[in-house]
Amino acid sequence: MMHLHAVLLALCAGLLPAASHGEDAASPAPPEQSHFLFDLGWDRGLTYRYESHLAEVDPTGLIGDTVLSGRVGASLYLDGGWADGGAVQDDADGWLGAVRRARFYTSGRLERWLTTDYKFEFAVERSHVYLNDFYLRWAPSRFVDSLRIGYFDSPVAFQNIVASNSRVLMETAAPVSAFVPGFRLGVEASGVANDPSLTWLLHLASVGQSQDFGDASDQPLRIGGRLVWRPWGGGSPDADLLHLGISLGYSPPTGGSVRFRARPESFLVDEVVDTGDLDGGSTLLGVEGVWRRGSFAVQSELLATFVDGRGDVGGKDRAVGDPIFYGGYVQANVALTGETRTYDVRSAAFDRLVPASPFGWGKPGSGALELAGRLSWLDLADGAVDGGRLLSFSLGPAWTWNQNVRVLGGWVVGHVSGRPQSGFLEVFQLRLELSF
C-alpha cells in the first residue's frame with residue numbers, strides 16, 4: 001500500500017499546480033506516528049486508511065498531512081443458458097456456459113493539498129485481461145464540477161453510463177453495444193446546473209483495448225459529449241423524473257478504420273451482425289428519454305452513425321461511400337417489490353436498486369424483484385455495406401438479494417437478415433452476480 005501511496009502522490013504533483021502558503025502560515029505541528037488501518041467485513045468489504053502526520057518536506061517545499069483511504073472490491077458474473085436458431089453459429093447451439101466477467105478493483109480518496117478520487121480496476125473476460133477502469137478525479141473550484149483523467153467509458157448514451165450491476169437486463173441493447181465506444185484513454189470534464197436542471201459531460205479520448213463489446217473502431221482520436229435536461233425530477237430520490245438528453249461523438253478519418261457489430265443481447269452468442277472494417281471516420285448522434293414514476297420506469301434511445309468513407313469495404317475492391325447506420329430501443333422495467341431506483345444527477349443515470357428488505361443468511365427479508373422488457377432494432381446495411389439487420393426482444397427478471405448477490409434471468413428472441421447466417425434465434429440465460 002505504501003507503493004500505491006507514492007504513485008498517487010507523484011501523479012498528483014505532476015498533473016496539478018501546487019498550492020501556496022502565506023507568509024504567516026502556522027508552524028507545522030510536532031511529528032506524529034504514521035499508521036495504517038484496515039477493516040475486513042462481509043457488509044463493507046476490505047477497507048483501508050493510511051494517515052501520515054509527520055512534518056514532511058517534499059520537493060515543492062510543502063509541509064502537511066496525508067490521508068489515503070479506500071476499499072478493495074471484486075465481482076464475478078457467472079452465465080449459463082441455452083441457444084438455438086438459424087442465425088446462431090453451429091458451435092453455439094445447445095447448452096452454454098461462461099464467466100461473463102471477473103473484476104478486481106480498489107477505489108478511494110487521497111487527501112494532500114488537493115483531494116483526489118481514484119479507481120484502479122482490472123477485468124477478465126473470455127480469458128483476456130483488461131485494464132477496465134482507471135482514473136484520477138478532482139473537483140476544481142471553478143468552471144467545471146469534475147475533472148477526470150484515465151481509462152474509462154465514454155460519456156455517450158444513457159444505457160452505456162448505467163453500471164453493469166445496476167442494469168435489469170443482462171446486456172445493453174444491440175444498437176448501444178454496436179455504436180458506443182468502450183473503455184478509452186482520455187480526459188473528461190463535467191458539470192451540473194440546478195436551474196434549469198442540467199448535466200453536461202465532454203470527453204476527449206484516444207485508442208483503447210480491443211474488447212468484446214462496444215464500437216470496434218480503431219480510430220486514434222475520439223471526441224464525445226452528452227447534455228441532459230431534467231424538466232422535472234432529479235432532486236429527490238422518490239420524485240417523478242423526466243430526463244431528456246442528446247449525445248454526440250466524432251472520430252475523424254485519421255488513418256484508422258471504423259467497425260460496428262453486435263451480439264443478440266447475450267454474451268453466450270457471438271456477433272450476428274457486423275460491418276467489417278471500413279476505412280474512414282464516423283459521427284455518432286444519439287437522443288435519449290427516461291421517465292420514472294415510483295417503481296416503474298421507461299427509457300428509450302435512438303442512435304445513428306454517419307460514416308465518412310475513405311476506402312474499401314472489408315478489404316474488397318468496392319467504394320464505401322458514406323453509409324448511415326442506425327438503431328434504437330425502448331425498455332420498460334418495474335420493481336415488483338415496490339422500490340424506486342435512485343437517480344444520480346452527476347452521471348445522469350440510474351443507480352443500483354437497493355432492496356427495502358435485504359435477503360441474507362439468517363435474515364427474513366425477500367430482497368428486491370424487478371422485471372424488464374426491451375424491444376430493439378439495429379440496421380448495419382446501407383449502400384455497399386451489408387452488415388445485416390437485427391430485431392430482438394428481451395425479457396427478464398432481476399432478483400437483488402442484497403448489495404452482494406443478484407440473480408438474473410433472460411429470454412431473448414431475435415431475427416437476423418442480410419447475413420450468411422440469417423433467420424430466427426432464441427436464447428435462455430441465467431446469471432449469478434457476486435460482489436463485495
# chains A, B, ... in the order shown; residues from 1 in each chain; ligands from 1

$ residues_around --residues "stretch 91-108 of chain A" --least-positions-apart "2" --cutoff "7 Å" --atoms "only C-alpha atoms" --output "VMD selection string"
chain A and resid 69 to 84 88 to 89 117 to 125 267 to 269

$ write_last_selection --atoms "C-alpha atoms" --output "PDB file, in the first residue's frame"
ATOM      1  CA  SER A  69      -8.479   5.882   2.345  1.00  0.00           C
ATOM      2  CA  GLY A  70     -10.363   3.427   0.182  1.00  0.00           C
ATOM      3  CA  ARG A  71     -11.695  -0.050  -0.264  1.00  0.00           C
ATOM      4  CA  VAL A  72     -10.846  -3.201  -2.184  1.00  0.00           C
ATOM      5  CA  GLY A  73     -13.613  -4.994  -4.046  1.00  0.00           C
ATOM      6  CA  ALA A  74     -14.280  -7.697  -6.591  1.00  0.00           C
ATOM      7  CA  SER A  75     -17.139  -9.066  -8.654  1.00  0.00           C
ATOM      8  CA  LEU A  76     -17.843 -12.296 -10.510  1.00  0.00           C
ATOM      9  CA  TYR A  77     -20.575 -12.857 -13.123  1.00  0.00           C
ATOM     10  CA  LEU A  78     -21.358 -16.481 -13.991  1.00  0.00           C
ATOM     11  CA  ASP A  79     -23.548 -17.096 -17.080  1.00  0.00           C
ATOM     12  CA  GLY A  80     -25.265 -20.238 -18.269  1.00  0.00           C
ATOM     13  CA  GLY A  81     -28.011 -20.948 -20.748  1.00  0.00           C
ATOM     14  CA  TRP A  82     -29.236 -22.417 -23.994  1.00  0.00           C
ATOM     15  CA  ALA A  83     -29.184 -21.004 -27.547  1.00  0.00           C
ATOM     16  CA  ASP A  84     -30.678 -22.206 -30.832  1.00  0.00           C
ATOM     17  CA  VAL A  88     -26.657 -18.886 -34.302  1.00  0.00           C
ATOM     18  CA  GLN A  89     -23.252 -20.313 -35.153  1.00  0.00           C
ATOM     19  CA  ASP A 117     -10.542  10.436  -6.003  1.00  0.00           C
ATOM     20  CA  TYR A 118      -9.130   7.361  -7.701  1.00  0.00           C
ATOM     21  CA  LYS A 119     -10.018   3.928  -9.008  1.00  0.00           C
ATOM     22  CA  PHE A 120      -7.972   1.053 -10.426  1.00  0.00           C
ATOM     23  CA  GLU A 121      -9.885  -1.874 -11.882  1.00  0.00           C
ATOM     24  CA  PHE A 122      -8.826  -4.978 -13.808  1.00  0.00           C
ATOM     25  CA  ALA A 123     -11.224  -7.353 -15.550  1.00  0.00           C
ATOM     26  CA  VAL A 124     -11.042 -10.815 -17.071  1.00  0.00           C
ATOM     27  CA  GLU A 125     -13.386 -11.527 -19.987  1.00  0.00           C
ATOM     28  CA  PHE A 267     -22.824 -12.911 -24.044  1.00  0.00           C
ATOM     29  CA  LEU A 268     -23.278 -16.605 -24.854  1.00  0.00           C
ATOM     30  CA  VAL A 269     -23.660 -15.977 -28.615  1.00  0.00           C
TER      31      VAL A 269
END

$ residues_around --residues "A:Gly191" --least-positions-apart "2" --cutoff "7 Å" --atoms "only C-alpha atoms" --output "PyMOL selection string"
chain A and resi 144-146+193+199-201

$ closest_residue --among "A:Leu375, A:Leu302, A:Val273, A:Ala163" --to "A:Ser422" --atoms "only C-alpha atoms"
A:Val273

$ residues_around --residues "stretch 288-293 of chain A" --least-positions-apart "4" --cutoff "8 Å" --atoms "only C-alpha atoms" --output "ChimeraX atom specification"
/A:157-158,239-246,297-302

$ write_last_selection --atoms "C-alpha atoms" --output "compact mmCIF listing (two decimals), in the first residue's frame"
# COMPACT_ATOMS: atom_id res chain seq x y z
CA ALA A 157 -25.73 7.11 -24.34
CA PHE A 158 -27.80 6.60 -21.19
CA ALA A 239 -39.83 12.21 -7.05
CA ASP A 240 -41.23 11.69 -10.55
CA LEU A 241 -38.47 12.07 -13.14
CA LEU A 242 -38.35 13.14 -16.78
CA HIS A 243 -34.90 13.00 -18.36
CA LEU A 244 -34.14 14.16 -21.93
CA GLY A 245 -30.68 14.00 -23.43
CA ILE A 246 -28.52 14.19 -26.52
CA ALA A 297 -39.55 3.38 -15.43
CA VAL A 298 -39.46 3.65 -19.22
CA GLN A 299 -36.39 4.54 -21.27
CA SER A 300 -35.66 4.83 -24.97
CA GLU A 301 -32.75 5.81 -27.18
CA LEU A 302 -32.27 6.41 -30.90

$ residues_around --residues "stretch 181-190 of chain A" --least-positions-apart "3" --cutoff "8 Å" --atoms "only C-alpha atoms" --output "ChimeraX atom specification"
/A:132-133,144-154,199-209,211,213-216,346

$ residues_around --residues "A:Ala173" --least-positions-apart "6" --cutoff "7 Å" --atoms "only C-alpha atoms" --output "list in words"
Glu265, Tyr329 and Ser376 of chain A

$ write_last_selection --atoms "N, CA and C atoms" --output "PDB file, in the first residue's frame"
ATOM      1  N   GLU A 265     -27.766  -9.517 -27.855  1.00  0.00           N
ATOM      2  CA  GLU A 265     -28.034  -9.133 -26.475  1.00  0.00           C
ATOM      3  C   GLU A 265     -27.839 -10.284 -25.495  1.00  0.00           C
ATOM      4  N   TYR A 329     -34.025   1.496 -29.289  1.00  0.00           N
ATOM      5  CA  TYR A 329     -34.701   0.537 -28.408  1.00  0.00           C
ATOM      6  C   TYR A 329     -35.679   1.284 -27.520  1.00  0.00           C
ATOM      7  N   SER A 376     -35.639  -3.891 -29.466  1.00  0.00           N
ATOM      8  CA  SER A 376     -34.557  -3.118 -30.090  1.00  0.00           C
ATOM      9  C   SER A 376     -34.417  -3.470 -31.562  1.00  0.00           C
TER      10      SER A 376
END

$ atom_distance --atom1 "atom CA of A:Ile161" --atom2 "atom CA of A:Ala335"
20.5 Å

$ residues_around --residues "A:Ala87" --least-positions-apart "2" --cutoff "7 Å" --atoms "only C-alpha atoms" --output "PyMOL selection string"
chain A and resi 85+89+272+416+421-425

$ write_last_selection --atoms "C-alpha atoms" --output "PDB file, in the first residue's frame"
ATOM      1  CA  GLY A  85     -31.775 -20.920 -34.221  1.00  0.00           C
ATOM      2  CA  GLN A  89     -23.252 -20.313 -35.153  1.00  0.00           C
ATOM      3  CA  VAL A 272     -24.611 -11.872 -35.640  1.00  0.00           C
ATOM      4  CA  VAL A 416     -31.267 -11.577 -38.326  1.00  0.00           C
ATOM      5  CA  GLN A 421     -26.461 -16.998 -41.314  1.00  0.00           C
ATOM      6  CA  SER A 422     -29.873 -15.360 -41.119  1.00  0.00           C
ATOM      7  CA  GLY A 423     -33.159 -16.300 -39.559  1.00  0.00           C
ATOM      8  CA  PHE A 424     -34.522 -16.531 -36.033  1.00  0.00           C
ATOM      9  CA  LEU A 425     -32.599 -17.200 -32.849  1.00  0.00           C
TER      10      LEU A 425
END

$ residues_around --residues "A:Ala262" --least-positions-apart "4" --cutoff "7 Å" --atoms "only C-alpha atoms" --output "number ranges by chain"
A: 174, 177-178, 271-274

$ write_last_selection --atoms "C-alpha atoms" --output "mmCIF file, in the first residue's frame"
data_model
loop_
_atom_site.group_PDB
_atom_site.id
_atom_site.type_symbol
_atom_site.label_atom_id
_atom_site.label_comp_id
_atom_site.auth_asym_id
_atom_site.auth_seq_id
_atom_site.Cartn_x
_atom_site.Cartn_y
_atom_site.Cartn_z
ATOM 1 C CA ALA A 174 -27.770 -4.088 -29.614
ATOM 2 C CA SER A 177 -23.353 -2.194 -27.992
ATOM 3 C CA ALA A 178 -22.640 -1.549 -31.678
ATOM 4 C CA GLU A 271 -21.777 -11.352 -33.165
ATOM 5 C CA VAL A 272 -24.611 -11.872 -35.640
ATOM 6 C CA VAL A 273 -24.369 -8.503 -37.462
ATOM 7 C CA ASP A 274 -21.051 -6.923 -38.500
#

$ closest_residue --among "A:Val180, A:Asn165, A:Asp382, A:Glu51" --to "A:Ser435" --atoms "only C-alpha atoms"
A:Asn165

$ closest_residue --among "A:Trp411, A:Gly235, A:Gly327, A:Leu432" --to "A:Val192" --atoms "only C-alpha atoms"
A:Gly235

$ atom_distance --atom1 "atom CA of A:Glu426" --atom2 "atom CA of A:Leu369"
24.0 Å

$ closest_atom_pairs --of "stretch 234-338 of chain A" --to "stretch 355-368 of chain A" --cutoff "9 Å" --atoms "only C-alpha atoms" --output "Markdown table"
| residue | atom | partner | partner_atom | distance |
| --- | --- | --- | --- | --- |
| A:Ala335 | CA | A:Ala368 | CA | 7.1 |
| A:Leu336 | CA | A:Ala368 | CA | 7.6 |
| A:Thr337 | CA | A:Ala368 | CA | 5.7 |
| A:Gly338 | CA | A:Ala368 | CA | 8.1 |

$ closest_residue --among "A:Asn402, A:Ser347, A:Gln219, A:Ser141" --to "A:Gln159" --atoms "only C-alpha atoms"
A:Ser347

$ closest_residue --among "A:Gly234, A:Pro264, A:Gly383, A:Pro323" --to "A:Phe428" --atoms "only C-alpha atoms"
A:Pro264

$ atom_distance --atom1 "atom CA of A:Pro155" --atom2 "atom CA of A:Asp195"
22.2 Å
